[in-house]
file structure.csv (CSV, C-alpha atoms)
chain,number,residue,atom,x,y,z
A,25,ILE,CA,86.0,8.8,8.7
A,26,ILE,CA,88.8,7.4,6.5
A,27,ILE,CA,89.9,10.9,5.6
A,28,ILE,CA,90.1,12.0,9.3
A,29,ILE,CA,92.3,8.9,10.1
A,30,ILE,CA,94.7,9.7,7.3
A,31,MET,CA,94.9,13.4,8.3
A,32,SER,CA,95.5,12.4,12.0
A,33,SER,CA,98.3,10.1,10.9
A,34,ASP,CA,99.9,13.0,9.0
A,35,LEU,CA,99.8,15.3,12.1
A,36,LYS,CA,101.5,12.6,14.3
A,37,THR,CA,104.2,12.1,11.7
A,38,SER,CA,104.8,15.9,11.4
A,39,SER,CA,105.3,16.4,15.2
A,40,SER,CA,107.7,13.5,15.6
A,41,SER,CA,109.8,14.6,12.6
A,42,SER,CA,110.7,18.1,14.0
A,43,SER,CA,114.0,16.7,15.5
A,44,SER,CA,115.7,16.2,12.2
A,45,ARG,CA,115.7,17.6,8.7
A,46,LYS,CA,115.8,14.1,7.3
A,47,ASN,CA,112.6,13.1,9.0
A,48,ALA,CA,111.0,16.4,8.0
A,49,ASN,CA,111.7,15.7,4.3
A,50,ARG,CA,110.3,12.2,4.8
A,51,THR,CA,107.2,13.7,6.3
A,52,ALA,CA,106.8,16.1,3.5
A,53,LYS,CA,107.0,13.2,1.0
A,54,ARG,CA,104.4,11.3,3.1
A,55,ARG,CA,102.0,14.3,3.0
A,56,SER,CA,102.3,14.6,-0.7
A,57,SER,CA,101.8,10.9,-1.1
A,58,THR,CA,98.5,11.0,0.9
A,59,LYS,CA,96.9,13.7,-1.3
A,60,PRO,CA,96.1,11.3,-4.2
A,61,ILE,CA,94.7,8.8,-1.6
A,62,VAL,CA,92.4,11.5,-0.2
A,63,LEU,CA,91.3,12.5,-3.8
A,64,VAL,CA,90.5,8.8,-4.6
A,65,ILE,CA,88.4,8.4,-1.4
A,66,ILE,CA,86.5,11.6,-2.1
A,67,THR,CA,85.9,10.4,-5.7
A,68,LEU,CA,84.6,7.1,-4.4
A,69,LEU,CA,82.3,8.8,-1.9
A,70,VAL,CA,80.9,11.0,-4.7
A,71,MET,CA,80.4,7.9,-6.9
A,72,CYS,CA,78.7,6.1,-4.0
A,73,PHE,CA,76.2,8.9,-3.3
A,74,GLY,CA,75.6,9.3,-7.1
A,75,ALA,CA,74.9,5.6,-7.5
A,76,ARG,CA,72.5,5.8,-4.5
A,77,ARG,CA,70.7,8.7,-6.2
A,78,THR,CA,70.5,6.7,-9.5
A,79,ARG,CA,69.1,3.7,-7.7
A,80,VAL,CA,66.3,6.0,-6.2
A,81,VAL,CA,65.5,7.4,-9.6
A,82,VAL,CA,65.3,3.9,-11.1
A,83,ALA,CA,63.2,2.6,-8.3
A,84,ASP,CA,60.7,5.5,-8.8
A,85,GLU,CA,60.5,4.7,-12.5
A,86,LEU,CA,59.8,1.1,-11.8
A,87,LEU,CA,57.1,2.0,-9.3
A,88,ALA,CA,55.5,4.3,-11.9
A,89,GLN,CA,55.6,1.5,-14.5
A,90,GLU,CA,54.1,-1.0,-12.0
A,91,ALA,CA,51.3,1.5,-11.2
A,92,GLU,CA,50.6,1.9,-14.9
A,93,MET,CA,50.5,-1.9,-15.5
A,94,GLU,CA,48.0,-2.2,-12.6
A,95,LYS,CA,45.5,0.0,-14.5
A,96,ARG,CA,45.5,-2.3,-17.5
A,97,VAL,CA,42.7,-4.8,-18.2
A,98,THR,CA,44.6,-7.8,-19.4
A,99,CYS,CA,43.9,-11.3,-20.5
A,100,GLY,CA,42.8,-13.3,-17.5
A,101,SER,CA,41.6,-10.3,-15.5
A,102,ALA,CA,38.3,-10.7,-13.7
A,103,ILE,CA,36.4,-7.5,-14.0
A,104,LYS,CA,33.1,-5.7,-13.4
A,105,LEU,CA,31.8,-3.7,-16.4
A,106,THR,CA,29.9,-0.6,-15.4
A,107,HIS,CA,27.5,1.1,-17.9
A,108,ALA,CA,28.8,4.6,-18.3
A,109,SER,CA,25.4,6.3,-18.4
A,110,THR,CA,23.2,4.3,-15.9
A,111,LYS,CA,26.1,3.0,-13.7
A,112,VAL,CA,24.6,-0.5,-13.6
A,113,LYS,CA,26.9,-3.5,-13.6
A,114,LEU,CA,26.9,-6.2,-16.4
A,115,HIS,CA,25.4,-9.1,-14.5
A,116,SER,CA,24.2,-12.7,-15.0
A,117,HIS,CA,22.6,-15.4,-12.9
A,118,GLY,CA,20.9,-18.8,-13.2
A,119,ILE,CA,17.6,-17.4,-14.5
A,120,GLY,CA,16.7,-17.9,-18.1
A,121,TYR,CA,14.8,-15.7,-20.4
A,122,GLY,CA,11.0,-16.4,-20.4
A,123,SER,CA,11.0,-15.7,-24.2
A,124,GLY,CA,13.5,-15.7,-27.1
A,125,SER,CA,16.2,-18.3,-26.8
A,126,GLY,CA,15.4,-19.2,-23.2
A,127,GLN,CA,19.2,-19.0,-22.5
A,128,GLN,CA,20.6,-17.6,-19.2
A,129,SER,CA,19.7,-13.9,-19.0
A,130,VAL,CA,22.2,-11.0,-18.8
A,131,THR,CA,21.1,-7.8,-17.1
A,132,GLY,CA,22.3,-4.5,-15.6
A,133,PHE,CA,22.5,-4.8,-11.8
A,134,PRO,CA,22.2,-1.6,-9.8
A,135,GLU,CA,24.3,-2.5,-6.8
A,136,SER,CA,28.1,-2.7,-6.8
A,137,ASN,CA,28.5,-5.4,-4.2
A,138,ASP,CA,27.2,-8.1,-6.5
A,139,PRO,CA,29.2,-11.3,-6.9
A,140,GLY,CA,27.2,-12.0,-10.1
A,141,GLY,CA,28.9,-9.1,-11.8
A,142,TYR,CA,32.4,-10.6,-12.4
A,143,TRP,CA,33.5,-11.5,-15.9
A,144,GLN,CA,36.9,-13.0,-16.9
A,145,VAL,CA,38.6,-11.9,-20.0
A,146,PHE,CA,39.8,-14.4,-22.6
A,147,GLY,CA,40.9,-14.5,-26.2
A,148,THR,CA,39.0,-16.4,-28.8
A,149,LYS,CA,39.5,-20.1,-29.5
A,150,ASP,CA,41.4,-19.4,-32.7
A,151,GLU,CA,43.4,-16.5,-31.1
A,152,PRO,CA,43.9,-17.3,-27.4
A,153,CYS,CA,45.9,-14.9,-25.2
A,154,GLU,CA,48.3,-15.4,-22.3
A,155,ARG,CA,47.4,-14.2,-18.8
A,156,GLY,CA,48.6,-10.6,-18.4
A,157,GLU,CA,48.6,-9.9,-22.1
A,158,ASP,CA,47.3,-6.4,-23.1
A,159,ILE,CA,43.9,-6.2,-24.9
A,160,THR,CA,44.6,-3.9,-27.8
A,161,ASP,CA,42.0,-1.8,-29.7
A,162,GLY,CA,40.2,-4.0,-32.2
A,163,ARG,CA,41.0,-7.3,-30.6
A,164,LEU,CA,38.5,-10.1,-30.4
A,165,ILE,CA,37.8,-11.3,-26.9
A,166,ARG,CA,35.4,-13.5,-24.9
A,167,LEU,CA,33.9,-12.7,-21.5
A,168,GLN,CA,33.2,-15.6,-19.2
A,169,HIS,CA,30.8,-15.2,-16.3
A,170,LEU,CA,32.7,-16.3,-13.2
A,171,GLN,CA,29.8,-17.7,-11.2
A,172,THR,CA,28.1,-19.8,-13.9
A,173,ARG,CA,31.1,-20.2,-16.3
A,174,LYS,CA,28.9,-19.3,-19.3
A,175,TRP,CA,30.1,-16.9,-22.1
A,176,LEU,CA,28.6,-13.5,-22.9
A,177,HIS,CA,26.7,-14.3,-26.1
A,178,SER,CA,24.5,-12.8,-28.7
A,179,HIS,CA,22.7,-13.8,-31.9
A,180,ALA,CA,20.4,-12.2,-34.5
A,181,ALA,CA,17.7,-14.9,-34.3
A,182,HIS,CA,16.2,-13.7,-31.0
A,183,ARG,CA,14.9,-10.3,-29.8
A,184,SER,CA,15.4,-8.8,-26.4
A,185,PRO,CA,12.3,-9.1,-24.2
A,186,LEU,CA,11.7,-5.4,-23.4
A,187,THR,CA,13.0,-3.2,-26.2
A,188,ASN,CA,12.9,-5.7,-29.1
A,189,ASN,CA,16.6,-5.2,-29.8
A,190,GLN,CA,19.0,-8.1,-30.3
A,191,GLU,CA,19.1,-10.5,-27.4
A,192,VAL,CA,22.2,-10.8,-25.2
A,193,SER,CA,22.5,-13.9,-23.1
A,194,ALA,CA,25.0,-16.1,-21.3
A,195,HIS,CA,25.6,-19.4,-23.1
A,196,GLY,CA,27.9,-22.5,-23.3
A,197,ASP,CA,30.5,-23.6,-20.7
A,198,GLU,CA,34.2,-24.4,-20.4
A,199,GLU,CA,34.1,-26.9,-23.2
A,200,ASN,CA,31.5,-25.3,-25.4
A,201,SER,CA,32.0,-21.9,-27.0
A,202,ASP,CA,31.2,-20.6,-30.5
A,203,ALA,CA,31.6,-17.5,-32.7
A,204,GLY,CA,28.5,-16.0,-31.0
A,205,ASP,CA,30.7,-15.5,-27.9
A,206,GLU,CA,33.2,-13.3,-29.6
A,207,TRP,CA,33.2,-9.5,-29.1
A,208,LYS,CA,35.5,-6.8,-30.6
A,209,PHE,CA,37.0,-4.5,-28.1
A,210,GLU,CA,37.0,-0.8,-29.0
A,211,VAL,CA,38.4,2.2,-27.1
A,212,ALA,CA,35.5,4.7,-27.0
A,213,ASP,CA,37.3,7.8,-25.7
A,214,GLY,CA,39.9,8.2,-28.4
A,215,ASN,CA,42.8,7.7,-26.0
A,216,LYS,CA,45.9,7.2,-28.2
A,217,GLY,CA,48.5,7.7,-25.5
A,218,ASP,CA,50.1,4.2,-25.5
A,219,LYS,CA,53.1,3.6,-27.7
A,220,ALA,CA,51.8,0.2,-28.7
A,221,GLY,CA,48.4,1.6,-29.6
A,222,PRO,CA,45.3,2.0,-27.4
A,223,VAL,CA,45.0,-0.8,-24.8
A,224,TRP,CA,42.2,-1.5,-22.4
A,225,LYS,CA,42.7,0.3,-19.1
A,226,LYS,CA,40.7,0.6,-15.9
A,227,ASP,CA,38.0,3.4,-15.9
A,228,GLN,CA,38.5,3.9,-19.6
A,229,LYS,CA,35.4,4.3,-21.8
A,230,VAL,CA,35.1,1.3,-24.1
A,231,ARG,CA,32.6,-0.5,-26.4
A,232,LEU,CA,32.1,-4.2,-27.2
A,233,GLN,CA,30.8,-5.0,-30.7
A,234,HIS,CA,29.5,-8.5,-31.4
A,235,ARG,CA,31.7,-10.0,-34.2
A,236,GLN,CA,28.9,-11.9,-36.0
A,237,THR,CA,26.1,-9.4,-36.0
A,238,LYS,CA,28.0,-6.1,-35.5
A,239,ALA,CA,25.7,-5.1,-32.7
A,240,PHE,CA,27.0,-3.1,-29.8
A,241,LEU,CA,26.6,-4.3,-26.2
A,242,SER,CA,24.1,-1.8,-24.8
A,243,SER,CA,21.9,-0.9,-21.9
A,244,SER,CA,19.4,1.7,-20.9
A,245,ASN,CA,16.9,2.6,-18.1
A,246,THR,CA,14.4,0.0,-19.3
A,247,LYS,CA,13.9,-2.3,-16.3
A,248,PHE,CA,12.5,-5.7,-15.7
A,249,GLN,CA,9.7,-6.6,-13.3
A,250,ARG,CA,9.6,-9.8,-11.2
A,251,PRO,CA,11.5,-12.1,-10.7
A,252,ILE,CA,14.4,-9.7,-11.4
A,253,SER,CA,12.8,-6.4,-10.5
A,254,GLY,CA,14.9,-3.3,-10.8
A,255,GLN,CA,17.5,-4.9,-13.1
A,256,SER,CA,18.0,-3.2,-16.5
A,257,GLU,CA,17.8,-4.9,-19.8
A,258,VAL,CA,21.1,-5.5,-21.6
A,259,CYS,CA,20.8,-5.9,-25.4
A,260,GLY,CA,22.6,-5.5,-28.7
A,261,THR,CA,22.0,-2.4,-30.8
A,262,SER,CA,23.3,-1.1,-34.1
A,263,ARG,CA,24.0,2.3,-32.6
A,264,SER,CA,27.4,3.4,-31.4
A,265,ASP,CA,26.1,5.9,-28.9
A,266,ALA,CA,26.1,6.7,-25.1
A,267,ASN,CA,24.1,3.5,-24.4
A,268,SER,CA,26.9,1.3,-25.7
A,269,VAL,CA,29.7,2.8,-23.5
A,270,TRP,CA,31.1,0.8,-20.6
A,271,LYS,CA,34.0,1.0,-18.1
A,272,ALA,CA,35.9,-1.6,-16.2
A,273,ASP,CA,36.3,-0.7,-12.5
A,274,GLN,CA,36.3,-3.3,-9.8
A,275,GLY,CA,38.2,-6.5,-10.3
A,276,VAL,CA,41.4,-8.5,-10.2
A,277,TYR,CA,43.9,-7.3,-12.8
A,278,PHE,CA,46.8,-9.5,-13.9
A,279,PRO,CA,50.0,-7.6,-15.1
A,280,LYS,CA,52.2,-9.4,-17.6
A,281,VAL,CA,55.2,-11.1,-16.0
A,282,ASP,CA,58.2,-11.7,-18.3
A,283,LEU,CA,60.2,-14.7,-17.1
call {"tool": "encode", "arguments": {"input": "structure.csv", "output": "structure tokens"}}
result
Amino acid sequence: IIIIIIMSSDLKTSSSSSSSRKNANRTAKRRSSTKPIVLVIITLLVMCFGARRTRVVVADELLAQEAEMEKRVTCGSAIKLTHASTKVKLHSHGIGYGSGSGQQSVTGFPESNDPGGYWQVFGTKDEPCERGEDITDGRLIRLQHLQTRKWLHSHAAHRSPLTNNQEVSAHGDEENSDAGDEWKFEVADGNKGDKAGPVWKKDQKVRLQHRQTKAFLSSSNTKFQRPISGQSEVCGTSRSDANSVWKADQGVYFPKVDL
């Protein structure tokens, strides 16, 4: 629009200056003086459209980064852990074991719409983590059952009721947590794509190894009878096999926010 106005002004000046040579010379000078102005305006328009395109590219990159962050299981996230082979969810409830430690039982629940399947990710008491912080391969973590506020726990002193492996229970509370609640996070699928090293991501195959006893959190098709019929036994085993592979799927994931 600005270019058209300037060109229109030149035409009017040209028609009115035909009466005298002096005015014609003046018009010629005006024409030549408007050329740099037109070039400047064109340059500004090019810069404007170029900047707009740059903003679009930057916005796309930011959206891609945001989508990538939403896939990460970070400290503070509340997740459901699905057993990769049997598809049961890591579950707990206010029912204690009838043998062994008598502590709150941990099982594999077959249904996905289970409020007893949410676990919140924390660091250890000695090495806490901030909400939104990545969980890197090899890091020690704790998982707290959201409904009962007890910690995913294990110990070598008690055997699991069905397979006679190491018992896994839910134990303690907000104020009481010990080394038996600590698990080492391991990436199970060999994904080395992250520059900072492998980090926990949604739908990624992972293992949890008990720090004190070195047992892996495991499950199988071995099922309980009443009062928790149909639920699978969860236990600790020494084997790093298909029964010890889990994936985080449903949940609330907290990305890290840099202030």
call {"tool": "closest_residue", "arguments": {"input": "structure.csv", "among": "A:Glu135, A:Glu206, A:Asp227, A:Asp213", "to": "Ala239 of chain A", "atoms": "all atoms listed in the file"}}
result
A:Glu206
call {"tool": "closest_residue", "arguments": {"input": "structure.csv", "among": "A:Ile119, A:Gly162, A:Lys113, A:Glu198", "to": "Asn137 of chain A", "atoms": "only C-alpha atoms"}}
result
A:Lys113
call {"tool": "axis_aligned_box", "arguments": {"input": "structure.csv", "around": "segment 255-273 of chain A", "padding_each_side": "6 Å", "output": "JSON"}}
result
{"center_x": 26.9, "center_y": 0.4, "center_z": -23.3, "size_x": 30.8, "size_y": 24.6, "size_z": 33.6}
call {"tool": "atom_distance", "arguments": {"input": "structure.csv", "atom1": "atom CA of Ser256 of chain A", "atom2": "atom CA of Gly120 of chain A"}}
result
14.8 Å
call {"tool": "residues_around", "arguments": {"input": "structure.csv", "residues": "segment 175-188 of chain A", "least_positions_apart": "6", "cutoff": "9 Å", "atoms": "only C-alpha atoms", "output": "PyMOL selection string"}}
result
chain A and resi 121-125+130+143+166-169+194-198+201-207+234+236-237+239+246-248+257-260
call {"tool": "write_last_selection", "arguments": {"input": "structure.csv", "atoms": "C-alpha atoms", "output": "short mmCIF file (atom, residue, chain, number, x, y, z; two decimals), in the coordinates of the input"}}
result
data_model
loop_
_atom_site.label_atom_id
_atom_site.label_comp_id
_atom_site.auth_asym_id
_atom_site.auth_seq_id
_atom_site.Cartn_x
_atom_site.Cartn_y
_atom_site.Cartn_z
CA TYR A 121 14.80 -15.70 -20.40
CA GLY A 122 11.00 -16.40 -20.40
CA SER A 123 11.00 -15.70 -24.20
CA GLY A 124 13.50 -15.70 -27.10
CA SER A 125 16.20 -18.30 -26.80
CA VAL A 130 22.20 -11.00 -18.80
CA TRP A 143 33.50 -11.50 -15.90
CA ARG A 166 35.40 -13.50 -24.90
CA LEU A 167 33.90 -12.70 -21.50
CA GLN A 168 33.20 -15.60 -19.20
CA HIS A 169 30.80 -15.20 -16.30
CA ALA A 194 25.00 -16.10 -21.30
CA HIS A 195 25.60 -19.40 -23.10
CA GLY A 196 27.90 -22.50 -23.30
CA ASP A 197 30.50 -23.60 -20.70
CA GLU A 198 34.20 -24.40 -20.40
CA SER A 201 32.00 -21.90 -27.00
CA ASP A 202 31.20 -20.60 -30.50
CA ALA A 203 31.60 -17.50 -32.70
CA GLY A 204 28.50 -16.00 -31.00
CA ASP A 205 30.70 -15.50 -27.90
CA GLU A 206 33.20 -13.30 -29.60
CA TRP A 207 33.20 -9.50 -29.10
CA HIS A 234 29.50 -8.50 -31.40
CA GLN A 236 28.90 -11.90 -36.00
CA THR A 237 26.10 -9.40 -36.00
CA ALA A 239 25.70 -5.10 -32.70
CA THR A 246 14.40 0.00 -19.30
CA LYS A 247 13.90 -2.30 -16.30
CA PHE A 248 12.50 -5.70 -15.70
CA GLU A 257 17.80 -4.90 -19.80
CA VAL A 258 21.10 -5.50 -21.60
CA CYS A 259 20.80 -5.90 -25.40
CA GLY A 260 22.60 -5.50 -28.70
#
call {"tool": "atom_distance", "arguments": {"input": "structure.csv", "atom1": "atom CA of Gly126 of chain A", "atom2": "atom CA of Ser193 of chain A"}}
result
8.9 Å
call {"tool": "decode", "arguments": {"input": "structure.csv", "residues": "segment 228-246 of chain A", "atoms": "N, CA and C atoms", "output": "compact mmCIF listing (two decimals), in the first residue's frame"}}
result
# COMPACT_ATOMS: atom_id res chain seq x y z
N GLN A 228 8.16 -46.75 27.66
CA GLN A 228 9.49 -47.31 27.50
C GLN A 228 9.64 -48.54 28.40
N LYS A 229 10.29 -49.57 27.93
CA LYS A 229 10.51 -50.77 28.73
C LYS A 229 11.59 -50.50 29.77
N VAL A 230 11.25 -50.76 31.04
CA VAL A 230 12.17 -50.46 32.13
C VAL A 230 12.16 -51.61 33.14
N ARG A 231 13.17 -51.60 34.02
CA ARG A 231 13.22 -52.52 35.15
C ARG A 231 13.47 -51.72 36.43
N LEU A 232 13.00 -52.28 37.54
CA LEU A 232 13.26 -51.70 38.85
C LEU A 232 13.95 -52.77 39.69
N GLN A 233 15.17 -52.46 40.13
CA GLN A 233 15.95 -53.41 40.91
C GLN A 233 16.06 -52.92 42.35
N HIS A 234 15.69 -53.77 43.29
CA HIS A 234 15.74 -53.42 44.70
C HIS A 234 17.19 -53.18 45.13
N ARG A 235 17.44 -52.02 45.73
CA ARG A 235 18.83 -51.65 46.03
C ARG A 235 19.47 -52.60 47.03
N GLN A 236 18.79 -52.94 48.10
CA GLN A 236 19.38 -53.75 49.16
C GLN A 236 19.62 -55.20 48.75
N THR A 237 18.65 -55.80 48.07
CA THR A 237 18.72 -57.24 47.79
C THR A 237 19.07 -57.57 46.35
N LYS A 238 19.08 -56.57 45.47
CA LYS A 238 19.38 -56.75 44.03
C LYS A 238 18.29 -57.51 43.28
N ALA A 239 17.15 -57.76 43.91
CA ALA A 239 16.05 -58.46 43.25
C ALA A 239 15.30 -57.50 42.32
N PHE A 240 14.82 -58.05 41.20
CA PHE A 240 14.06 -57.26 40.23
C PHE A 240 12.56 -57.37 40.52
N LEU A 241 11.88 -56.23 40.41
CA LEU A 241 10.42 -56.22 40.55
C LEU A 241 9.83 -57.04 39.40
N SER A 242 9.09 -58.10 39.74
CA SER A 242 8.62 -59.04 38.72
C SER A 242 7.17 -59.44 38.94
N SER A 243 6.58 -60.02 37.90
CA SER A 243 5.25 -60.60 38.00
C SER A 243 5.13 -61.70 36.97
N SER A 244 4.05 -62.47 37.08
CA SER A 244 3.82 -63.57 36.15
C SER A 244 2.32 -63.83 36.11
N ASN A 245 1.92 -64.96 35.55
CA ASN A 245 0.50 -65.30 35.48
C ASN A 245 0.01 -66.04 36.72
N THR A 246 0.84 -66.13 37.75
CA THR A 246 0.42 -66.79 38.99
C THR A 246 -0.57 -65.90 39.73
